[in-house]
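Colleague: Contents of input.txt (compact mmCIF, C-alpha atoms and all ligand atoms) are given next:
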# COMPACT_ATOMS: atom_id res chain seq x y z
CA MET A 1 -31.30 86.04 105.11
CA GLY A 2 -34.48 85.38 107.05
CA TYR A 3 -32.31 85.17 110.10
CA SER A 4 -32.04 88.92 110.26
CA SER A 5 -35.45 89.17 111.84
CA ALA A 6 -34.31 86.97 114.72
CA LYS A 7 -35.41 89.28 117.49
CA PRO A 8 -33.44 87.58 120.25
CA SER A 9 -30.31 89.29 119.03
CA LEU A 10 -30.53 92.68 120.69
CA ASN A 11 -32.78 91.50 123.45
CA ASN A 12 -30.32 88.83 124.40
CA CYS A 13 -27.60 91.42 124.40
CA SER A 14 -29.40 93.32 127.11
CA GLU A 15 -29.19 90.33 129.44
CA PRO A 16 -26.28 90.83 131.78
CA GLU A 17 -25.37 87.17 131.72
CA GLN A 18 -24.75 87.11 128.00
CA VAL A 19 -23.02 90.47 128.04
CA VAL A 20 -20.72 89.32 130.83
CA ARG A 21 -19.98 86.08 128.99
CA LEU A 22 -19.25 87.76 125.66
CA ARG A 23 -16.90 90.24 127.32
CA ALA A 24 -15.04 87.53 129.19
CA GLN A 25 -14.71 85.32 126.11
CA LEU A 26 -13.40 88.13 123.96
CA LEU A 27 -10.92 89.37 126.56
CA GLU A 28 -9.66 85.86 127.24
CA TRP A 29 -9.12 85.36 123.50
CA TYR A 30 -7.37 88.74 123.25
CA GLY A 31 -5.04 87.78 126.06
CA ARG A 32 -3.92 84.76 124.05
CA MET A 33 -4.22 85.96 120.46
CA GLY A 34 -4.16 89.79 120.49
CA ARG A 35 -1.53 91.40 118.31
CA ASP A 36 1.38 93.15 119.95
CA LEU A 37 1.28 96.58 118.27
CA PRO A 38 3.35 99.61 119.24
CA TRP A 39 0.38 101.90 119.83
CA ARG A 40 -0.98 99.38 122.33
CA ARG A 41 2.09 99.79 124.52
CA THR A 42 1.43 103.46 125.21
CA ARG A 43 -1.27 105.62 126.77
CA ASP A 44 0.01 108.76 125.06
CA PRO A 45 -3.09 110.25 123.39
CA TYR A 46 -0.96 111.81 120.66
CA ALA A 47 0.60 108.50 119.60
CA ILE A 48 -2.74 106.71 119.84
CA TRP A 49 -4.45 109.41 117.81
CA ILE A 50 -1.81 109.17 115.05
CA SER A 51 -2.19 105.38 114.92
CA GLU A 52 -5.98 105.56 114.79
CA ILE A 53 -5.98 108.03 111.92
CA MET A 54 -3.37 106.04 109.99
CA LEU A 55 -5.36 102.84 110.50
CA GLN A 56 -8.48 104.30 108.87
CA GLN A 57 -8.88 102.42 105.57
CA THR A 58 -5.33 101.10 105.89
CA GLN A 59 -3.96 97.77 107.06
CA VAL A 60 -1.75 97.37 110.13
CA LYS A 61 1.26 96.10 108.19
CA THR A 62 1.19 99.17 105.95
CA VAL A 63 0.81 101.53 108.89
CA LEU A 64 3.64 100.17 111.07
CA PRO A 65 6.63 101.80 109.28
CA TYR A 66 4.72 105.05 108.78
CA TYR A 67 3.82 105.19 112.46
CA GLN A 68 7.43 104.67 113.57
CA ARG A 69 8.76 107.23 111.10
CA TRP A 70 6.10 109.78 112.03
CA LEU A 71 6.76 109.58 115.75
CA ALA A 72 10.50 109.82 115.20
CA ALA A 73 10.04 112.99 113.13
CA LEU A 74 7.13 114.54 115.04
CA PRO A 75 7.13 113.05 118.55
CA THR A 76 4.63 115.46 120.14
CA VAL A 77 1.49 117.33 119.27
CA ALA A 78 3.47 120.58 119.59
CA ALA A 79 6.00 119.34 117.02
CA LEU A 80 3.20 118.46 114.62
CA ALA A 81 1.50 121.81 115.11
CA ALA A 82 4.75 123.64 114.37
CA ALA A 83 5.67 121.57 111.31
CA GLU A 84 5.26 122.79 107.73
CA LEU A 85 2.30 121.18 105.98
CA GLU A 86 4.69 120.16 103.18
CA ALA A 87 6.78 118.13 105.65
CA VAL A 88 3.64 116.53 107.08
CA LEU A 89 2.42 115.51 103.63
CA LYS A 90 5.86 114.10 102.84
CA LEU A 91 5.70 111.89 105.94
CA TRP A 92 2.26 110.73 104.87
CA GLU A 93 3.26 110.12 101.26
CA GLY A 94 2.05 106.71 100.04
CA LEU A 95 -0.61 106.22 102.73
CA GLY A 96 -3.33 107.79 100.56
CA TYR A 97 -6.40 109.75 101.66
CA TYR A 98 -4.25 112.82 102.23
CA THR A 99 -7.07 114.74 103.87
CA ARG A 100 -6.20 112.69 106.95
CA ALA A 101 -2.73 114.26 107.11
CA ARG A 102 -4.09 117.75 106.58
CA ASN A 103 -6.63 117.24 109.34
CA LEU A 104 -3.97 115.91 111.71
CA HIS A 105 -1.96 119.07 111.10
CA LYS A 106 -4.99 121.32 111.60
CA ALA A 107 -6.14 119.43 114.69
CA ALA A 108 -2.67 119.66 116.27
CA GLN A 109 -2.81 123.42 115.87
CA VAL A 110 -6.24 123.49 117.49
CA ILE A 111 -4.99 121.40 120.44
CA VAL A 112 -1.99 123.67 120.93
CA LYS A 113 -3.75 127.01 120.41
CA GLU A 114 -7.15 126.34 121.92
CA HIS A 115 -6.55 123.57 124.47
CA GLY A 116 -3.11 124.48 125.79
CA GLY A 117 -1.61 121.37 124.19
CA VAL A 118 -3.88 119.05 126.18
CA PHE A 119 -6.11 116.49 124.47
CA PRO A 120 -9.85 116.50 125.19
CA GLU A 121 -10.67 113.28 127.07
CA THR A 122 -14.16 112.19 126.12
CA ALA A 123 -15.26 110.85 122.74
CA GLN A 124 -17.78 113.65 122.38
CA GLN A 125 -15.23 116.37 123.15
CA LEU A 126 -12.69 114.83 120.79
CA GLN A 127 -15.22 114.63 118.00
CA GLN A 128 -16.51 118.14 118.50
CA ALA A 129 -13.20 119.89 119.04
CA LEU A 130 -10.98 118.36 116.38
CA PRO A 131 -11.24 118.05 112.61
CA GLY A 132 -10.94 114.56 111.11
CA ILE A 133 -12.13 112.65 114.19
CA GLY A 134 -15.32 110.67 113.67
CA ARG A 135 -17.32 108.89 116.33
CA SER A 136 -15.45 105.58 116.15
CA THR A 137 -11.99 107.16 116.15
CA ALA A 138 -13.05 109.33 119.08
CA GLY A 139 -14.20 106.21 120.95
CA ALA A 140 -10.94 104.42 120.23
CA ILE A 141 -8.81 107.34 121.47
CA ALA A 142 -10.95 107.97 124.56
CA SER A 143 -10.93 104.29 125.54
CA SER A 144 -7.26 103.65 124.77
CA ALA A 145 -5.69 106.84 126.09
CA PHE A 146 -8.08 107.75 128.90
CA GLY A 147 -9.73 104.46 129.85
CA ARG A 148 -13.19 105.84 129.05
CA CYS A 149 -15.99 103.37 128.50
CA GLU A 150 -16.64 104.47 124.92
CA ALA A 151 -17.67 102.28 122.00
CA ILE A 152 -16.12 101.96 118.57
CA LEU A 153 -17.62 101.00 115.25
CA ASP A 154 -14.89 100.77 112.65
CA ALA A 155 -15.21 98.39 109.70
CA ASN A 156 -13.96 95.41 111.73
CA ALA A 157 -16.26 96.04 114.69
CA ARG A 158 -19.20 96.63 112.36
CA ARG A 159 -18.62 93.30 110.65
CA VAL A 160 -18.11 91.26 113.84
CA LEU A 161 -21.08 92.73 115.70
CA GLY A 162 -23.29 92.61 112.63
CA ARG A 163 -22.61 88.88 112.35
CA LEU A 164 -22.77 88.15 116.06
CA PHE A 165 -26.31 89.53 116.17
CA ALA A 166 -27.23 88.78 112.53
CA VAL A 167 -28.06 92.41 111.84
CA GLY A 168 -29.81 92.29 108.49
CA ASP A 169 -31.29 95.78 108.39
CA PRO A 170 -30.46 98.16 105.55
CA PRO A 171 -27.16 99.94 106.29
CA ALA A 172 -28.63 103.25 107.44
CA ARG A 173 -30.86 101.57 110.03
CA ALA A 174 -28.26 99.00 111.02
CA GLU A 175 -25.84 101.77 112.00
CA ALA A 176 -27.84 102.85 115.04
CA LYS A 177 -28.37 99.25 116.10
CA LEU A 178 -24.68 98.40 115.79
CA TRP A 179 -23.68 101.43 117.85
CA GLU A 180 -26.14 100.37 120.50
CA ILE A 181 -24.67 96.86 120.57
CA SER A 182 -21.10 98.12 120.67
CA GLN A 183 -21.87 100.51 123.52
CA ARG A 184 -23.74 97.77 125.38
CA LEU A 185 -20.90 95.30 125.07
CA VAL A 186 -17.83 97.45 125.73
CA ASP A 187 -16.40 96.42 129.07
CA PRO A 188 -16.28 99.33 131.57
CA GLN A 189 -13.48 97.54 133.41
CA ALA A 190 -11.33 97.16 130.29
CA PRO A 191 -12.62 99.41 127.48
CA HIS A 192 -9.22 99.71 125.84
CA ASN A 193 -8.62 95.97 125.64
CA PHE A 194 -12.20 95.24 124.67
CA ASN A 195 -12.17 97.64 121.72
CA GLN A 196 -8.75 96.54 120.56
CA ALA A 197 -9.87 92.92 120.84
CA LEU A 198 -12.93 93.65 118.72
CA MET A 199 -10.71 95.15 116.03
CA ASP A 200 -8.35 92.17 116.17
CA LEU A 201 -11.16 89.65 115.99
CA GLY A 202 -12.46 91.34 112.84
CA ALA A 203 -9.00 91.62 111.31
CA THR A 204 -7.80 88.09 111.99
CA VAL A 205 -10.79 85.75 112.59
CA CYS A 206 -14.07 87.30 111.49
CA THR A 207 -12.63 88.36 108.16
CA ALA A 208 -14.74 89.77 105.36
CA ARG A 209 -14.80 86.81 103.00
CA SER A 210 -13.92 83.72 105.05
CA PRO A 211 -14.67 84.02 108.77
CA LEU A 212 -12.82 81.38 110.79
CA CYS A 213 -15.74 80.59 113.06
CA LEU A 214 -14.13 77.52 114.59
CA LEU A 215 -11.40 79.74 116.04
CA CYS A 216 -13.82 82.39 117.29
CA PRO A 217 -14.48 82.97 120.98
CA TRP A 218 -18.06 83.97 120.12
CA GLN A 219 -18.94 80.96 117.96
CA VAL A 220 -21.57 79.59 120.38
CA ASP A 221 -23.55 82.82 120.64
CA CYS A 222 -23.05 83.96 117.07
CA LEU A 223 -26.37 84.20 115.23
CA GLY A 224 -24.63 84.86 111.93
CA ARG A 225 -22.75 81.57 112.17
CA ARG A 226 -25.94 79.75 113.14
CA SER A 227 -27.68 81.19 110.08
CA GLY A 228 -25.37 79.09 107.90
CA ASP A 229 -23.68 82.01 106.14
CA PRO A 230 -22.37 84.80 108.36
CA THR A 231 -21.05 86.73 105.38
CA HIS A 232 -24.61 87.91 104.70
CA PHE A 233 -24.30 90.16 107.76
CA PRO A 234 -24.32 93.03 108.16
CA VAL A 235 -25.85 94.20 104.87
CA ARG A 236 -23.29 96.30 103.05
CA PRO A 237 -24.03 99.62 101.36
CA ALA A 238 -24.16 99.43 97.56
CA ARG A 239 -20.74 100.14 96.08
CA ALA A 240 -20.34 103.51 94.45
CA VAL A 241 -19.57 103.23 90.75
CA ARG A 242 -15.92 104.01 90.13
CA SER A 243 -15.47 106.84 87.66
CA GLU A 244 -12.68 106.91 85.10
CA ILE A 245 -10.10 109.66 84.75
CA ALA A 246 -7.98 109.47 81.62
CA GLY A 247 -5.30 111.86 80.51
CA VAL A 248 -1.67 112.55 79.77
CA SER A 249 1.15 113.19 82.22
CA VAL A 250 3.96 115.01 80.52
CA ALA A 251 7.52 115.07 81.86
CA ILE A 252 8.73 118.36 80.41
CA GLU A 253 12.48 118.88 80.38
CA CYS A 254 14.33 122.14 80.19
CA GLN A 255 18.12 122.12 80.61
CA GLY A 256 18.10 118.95 82.71
CA LYS A 257 15.22 120.08 84.93
CA PHE A 258 11.62 118.91 84.78
CA LEU A 259 8.46 120.85 85.47
CA LEU A 260 6.53 119.92 88.64
CA VAL A 261 3.21 121.55 89.46
CA ARG A 262 1.27 121.51 92.68
CA ARG A 263 -2.31 120.31 92.69
CA PRO A 264 -4.98 122.72 93.95
CA GLU A 265 -5.61 122.97 97.70
CA ARG A 266 -8.97 121.26 97.39
CA GLY A 267 -10.14 118.08 95.74
CA LEU A 268 -8.41 114.86 94.78
CA LEU A 269 -4.75 114.67 95.96
CA ALA A 270 -4.94 118.26 97.18
CA GLY A 271 -1.62 120.05 97.54
CA LEU A 272 0.54 117.21 96.20
CA TRP A 273 3.06 117.59 93.38
CA GLU A 274 2.88 116.00 89.95
CA PHE A 275 4.08 116.30 86.39
CA PRO A 276 1.59 118.40 84.41
CA PHE A 277 -1.49 116.24 83.86
CA VAL A 278 -3.87 117.06 81.06
CA GLU A 279 -7.20 115.30 81.08
CA SER A 280 -8.17 113.80 77.69
CA VAL A 281 -11.53 114.85 76.48
CA GLY A 282 -12.92 112.72 73.71
CA GLY A 283 -10.06 110.20 73.78
CA GLY A 284 -7.68 111.73 71.18
CA GLU A 285 -4.01 110.81 70.75
CA PRO A 286 -1.89 111.85 73.77
CA GLU A 287 0.40 114.02 71.61
CA GLU A 288 -2.63 115.94 70.38
CA THR A 289 -3.94 116.38 73.94
CA VAL A 290 -0.57 117.82 74.99
CA ARG A 291 -0.33 120.11 71.96
CA VAL A 292 -3.75 121.54 72.69
CA ALA A 293 -2.69 122.31 76.27
CA PHE A 294 0.83 123.59 75.59
CA GLY A 295 0.61 125.05 72.07
CA ASN A 296 4.02 125.38 70.45
CA ARG A 297 6.01 125.44 73.69
CA LEU A 298 7.06 121.78 73.36
CA GLU A 299 8.95 119.61 70.91
CA SER A 300 10.37 116.07 70.71
CA LEU A 301 7.32 114.44 72.23
CA GLU A 302 8.07 110.83 73.09
CA ARG A 303 5.73 108.18 74.52
CA LEU A 304 7.13 106.38 77.56
CA GLY A 305 4.20 104.17 78.53
CA GLN A 306 1.11 104.23 80.68
CA VAL A 307 0.38 104.11 84.41
CA GLU A 308 -2.83 103.22 86.16
CA HIS A 309 -3.90 103.94 89.70
CA GLU A 310 -6.93 103.09 91.80
CA PHE A 311 -8.46 105.67 94.11
CA THR A 312 -11.46 104.92 96.32
CA HIS A 313 -14.06 105.84 93.75
CA ARG A 314 -11.91 106.59 90.74
CA HIS A 315 -9.60 104.85 88.35
CA LEU A 316 -6.87 106.89 86.71
CA THR A 317 -5.13 106.04 83.44
CA ALA A 318 -2.29 108.34 82.44
CA GLN A 319 -0.33 108.12 79.19
CA VAL A 320 3.19 109.29 79.99
CA LEU A 321 5.04 111.50 77.54
CA ARG A 322 8.40 113.14 77.71
CA ALA A 323 8.90 116.46 75.93
CA GLN A 324 11.44 119.24 75.53
CA TRP A 325 10.50 122.76 76.56
CA ILE A 326 11.41 125.30 73.89
CA ALA A 327 9.74 128.45 75.22
CA ALA A 328 10.98 130.78 77.98
CA PRO A 329 10.80 128.81 81.29
CA ALA A 330 8.23 131.22 82.69
CA ALA A 331 5.88 131.06 79.69
CA LEU A 332 3.59 128.37 81.12
CA PRO A 333 0.03 127.98 79.89
CA LYS A 334 -2.38 129.76 82.22
CA VAL A 335 -3.85 126.53 83.59
CA PHE A 336 -0.46 125.61 85.10
CA ASP A 337 0.93 129.11 85.63
CA CYS A 338 -1.79 129.81 88.21
CA ARG A 339 -0.61 126.82 90.25
CA GLU A 340 2.57 126.67 92.30
CA HIS A 341 5.29 125.16 90.11
CA THR A 342 9.00 124.52 89.99
CA TRP A 343 11.70 123.15 87.65
CA GLN A 344 13.63 120.36 89.35
CA PRO A 345 16.36 117.89 88.35
CA PRO A 346 15.38 114.20 88.80
CA GLU A 347 17.46 113.79 91.95
CA CYS A 348 15.26 116.41 93.68
CA TRP A 349 11.81 115.12 92.66
CA LEU A 350 11.34 112.91 95.68
CA LYS A 351 11.78 115.81 98.08
CA PHE A 352 8.28 116.87 97.07
CA PRO A 353 5.21 115.07 98.43
CA MET A 354 3.76 113.17 95.48
CA PRO A 355 0.81 110.82 95.07
CA GLY A 356 1.32 107.14 94.28
CA TYR A 357 0.58 107.51 90.58
CA VAL A 358 3.41 110.05 90.21
CA HIS A 359 5.82 107.65 91.90
CA LYS A 360 4.85 105.15 89.21
CA ILE A 361 5.69 107.77 86.56
CA CYS A 362 9.06 108.44 88.21
CA LYS A 363 9.75 104.71 88.01
CA LEU A 364 8.77 104.64 84.37
CA LEU A 365 11.05 107.60 83.62
CA LYS A 366 13.88 105.92 85.43
CA GLU A 367 13.42 102.71 83.43
CA ALA A 368 12.99 104.51 80.12
CA LEU A 369 15.81 106.95 80.64
CA PRO A 370 18.64 105.15 82.41
CA LYS A 371 20.50 108.41 82.96
CA VAL A 372 17.63 109.74 85.05
CA SER A 373 18.30 109.09 88.72
CA VAL A 374 15.45 109.83 91.09
CA ASP A 375 17.01 108.16 94.14
S1 LIG B 401 -18.59 82.98 114.91
FE1 LIG B 401 -17.85 83.42 112.87
S2 LIG B 401 -19.23 84.94 112.04
FE2 LIG B 401 -19.58 84.87 114.25
S3 LIG B 401 -18.31 86.51 115.07
FE3 LIG B 401 -17.13 84.61 115.14
S4 LIG B 401 -15.96 84.54 113.22
FE4 LIG B 401 -17.57 86.06 113.00
Please express what this file holds, its structure, as structure tokens.
Ligand code: SF4
Modeller:
Amino acid sequence: MGYSSAKPSLNNCSEPEQVVRLRAQLLEWYGRMGRDLPWRRTRDPYAIWISEIMLQQTQVKTVLPYYQRWLAALPTVAALAAAELEAVLKLWEGLGYYTRARNLHKAAQVIVKEHGGVFPETAQQLQQALPGIGRSTAGAIASSAFGRCEAILDANARRVLGRLFAVGDPPARAEAKLWEISQRLVDPQAPHNFNQALMDLGATVCTARSPLCLLCPWQVDCLGRRSGDPTHFPVRPARAVRSEIAGVSVAIECQGKFLLVRRPERGLLAGLWEFPFVESVGGGEPEETVRVAFGNRLESLERLGQVEHEFTHRHLTAQVLRAQWIAAPAALPKVFDCREHTWQPPECWLKFPMPGYVHKICKLLKEALPKVSVD
């Protein structure tokens, strides 16, 4: 780790000769090895913006079908601005981090109402004018769509540049240094290709656990490689402790229809639909948890199994119960009555945007109750 104090790193970077060489090496590599991705074949800021937001925290192979489907359904910023939020969330369903979809919707309305449907062109304008666009995303859009010489610093770029210059500072201090390096290196003649190449190098060669240094165009200059263990760089922030959420999801049936409730507009999985979920306090039996929440409105409680789901900083465990509703359909407990809700037959469930853990419950219901068809 002593290598982190190797001062030549940034200083070297300021020497035009090294900068020119690093640019040329990366672009030459990109010409041979860069991935052919649909958002790289367009200069449409809308399409590039959608791809950049989808790619946040999500791998390319996951994004590809979503990107195609999204552009087929909402081909322009005007179409997105005019769409119902429900339809937008449905298109996003399964990608996670749903705030991204909400912000896309909001930002499209800002572009249409306040900018006459025209995208701001610089990274600073993009970041300031639109919700959900951070500095790196702004740099990626400005360089890809408008050919601006703007830097990026997504997770891949951060890793590659941190290793290239053996940046060993604590994360908060390293951030400024890495931005400086990225801005210094981005090629004014080819900012789009340079930034995309940086992302590709991080995704395919300078990977998190096992960098393939022998295949890397920067192997000669790389201080991280020369240190003997590039994976020490850059220093990563301490991982947040993942908190546990435990509770009961209850599929409540009334005359062939099941109760779906919408989550609140803020917080985890905001605005998505689920079967009523009751958090367990004190770890009692799931039937008891449900009885406390629903009183004598339910009968024939039956355990169907358990689903688990990982969120960024949380782990959810839900016991899944099926129950029959024996009260008047409108007599919901207050905690659910104050939320938007609906009774739906299984074949209609999937019309509602639902988080991944609810899809797992639907699958469980389908397996447990062969007559239930959710397709
Ligand atoms: S030489 Fe190795 S550690 Fe350095 S940038 Fe290339 S892949 Fe990453």
Colleague: Please identify all polymer residues within 9 Å of Glu308 (chain A), counting only C-alpha atoms, omitting same-chain residues fewer than 6 positions from it, and present them as a PyMOL selection string.
Modeller: chain A and resi 315-319+357+360
Colleague: Between CA of Phe258 (chain A) and CA of Trp349 (chain A), what is the spacing in Å?
Modeller: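 Between CA of Trp349 (chain A) and CA of Phe258 (chain A) the gap is 8.7 Å.
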Colleague: With all atoms listed in the file as the basis for distance, which of A:Ala328, A:Thr231, A:Phe352, A:Ile252 is at the shortest distance from Cys213 (chain A)?
Modeller: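 Once distances to Cys213 (chain A) are computed over all atoms listed in the file, the minimum belongs to A:Thr231.
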Colleague: Here is a test: counting only C-alpha atoms, which residue of A:Ala157, A:Arg23, A:Ala330, A:Ser227 is nearest to Thr204 (chain A)?
Modeller: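 Ranked by minimum distance to Thr204 (chain A), first place goes to A:Ala157.
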Colleague: Hey, which of A:Met354, A:Ala166, A:Val307, A:Ile245 ends up closest to Leu91 (chain A)? Count only C-alpha atoms.
Modeller: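 Selected residue with least distance to Leu91 (chain A): A:Met354.
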Colleague: If the limit is 10 Å from any atom of ligand LIG 401 (chain B), counting only C-alpha atoms and all ligand atoms, which residues qualify? Return them as a ChimeraX atom specification.
Modeller: /A:157,159-166,198,201-202,204-208,210-233
Colleague: Find the residues around Gln196 (chain A) up to 10 Å (all atoms listed in the file counted), leave out those fewer than 6 positions away in its own chain, and share them as a list in words.
Modeller: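 Listing them by chain and then by number gives Leu27, Tyr30, Gly34, Arg35, Arg40, Ala140, Ser143, Ser144, Ile152 and Ala157 of chain A.
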Colleague: Pick from A:Phe311, A:Trp92, A:Trp29, A:Phe194: nearest to Arg69 (chain A), with all atoms listed in the file counted?
Modeller: A:Trp92
Colleague: Tell me which of A:Pro355, A:Pro120, A:Pro171, A:Gly31 sits closest to Leu268 (chain A), counting only C-alpha atoms.
Modeller: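 Closest residue, counting only C-alpha atoms: A:Pro355.
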Colleague: May I ask for the distance between CA of Ser182 (chain A) and CA of Phe146 (chain A), given in Å to one decimal place?
Modeller: 18.2 Å
Colleague: If you take every atom of region 182-185 of chain A that the file lists and fit an axis-aligned box around them with 8 Å extra on each side, what centre and edge lengths come out in Å to one decimal, as AutoDock Vina command-line options?
Modeller:
--center_x -22.3 --center_y 97.9 --center_z 123.0 --size_x 18.8 --size_y 21.2 --size_z 20.7
Colleague: Would you mind listing what lies within 9 Å of Met54 (chain A) as a ChimeraX atom specification, with all atoms listed in the file counted and same-chain residues fewer than 5 positions away left out?
Modeller: /A:49,59-60,63,66-67,92,95,100-101
Colleague: What is the CA of Asn193 (chain A)-CA of Asp169 (chain A) distance in Å, reported with one decimal?
Modeller: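 About the pair CA of Asn193 (chain A) and CA of Asp169 (chain A): they are 28.5 Å apart.
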Colleague: Within 9 Å of His313 (chain A), counting all atoms listed in the file, which residues qualify if same-chain residues fewer than 2 places away don't, as a PyMOL selection string?
Modeller: chain A and resi 240-244+310-311+315
Colleague: Which polymer residues have any atom within 12 Å of an atom of Val281 (chain A), counting all atoms listed in the file, with same-chain residues fewer than 3 positions away left out, as a ChimeraX atom specification?
Modeller: /A:244-248,278,284-286,288-290,292-293
Colleague: Counting all atoms listed in the file, which of A:Pro16, A:Pro264, A:Gly139, A:Gly168 gets nearest to Cys338 (chain A)?
Modeller: A:Pro264
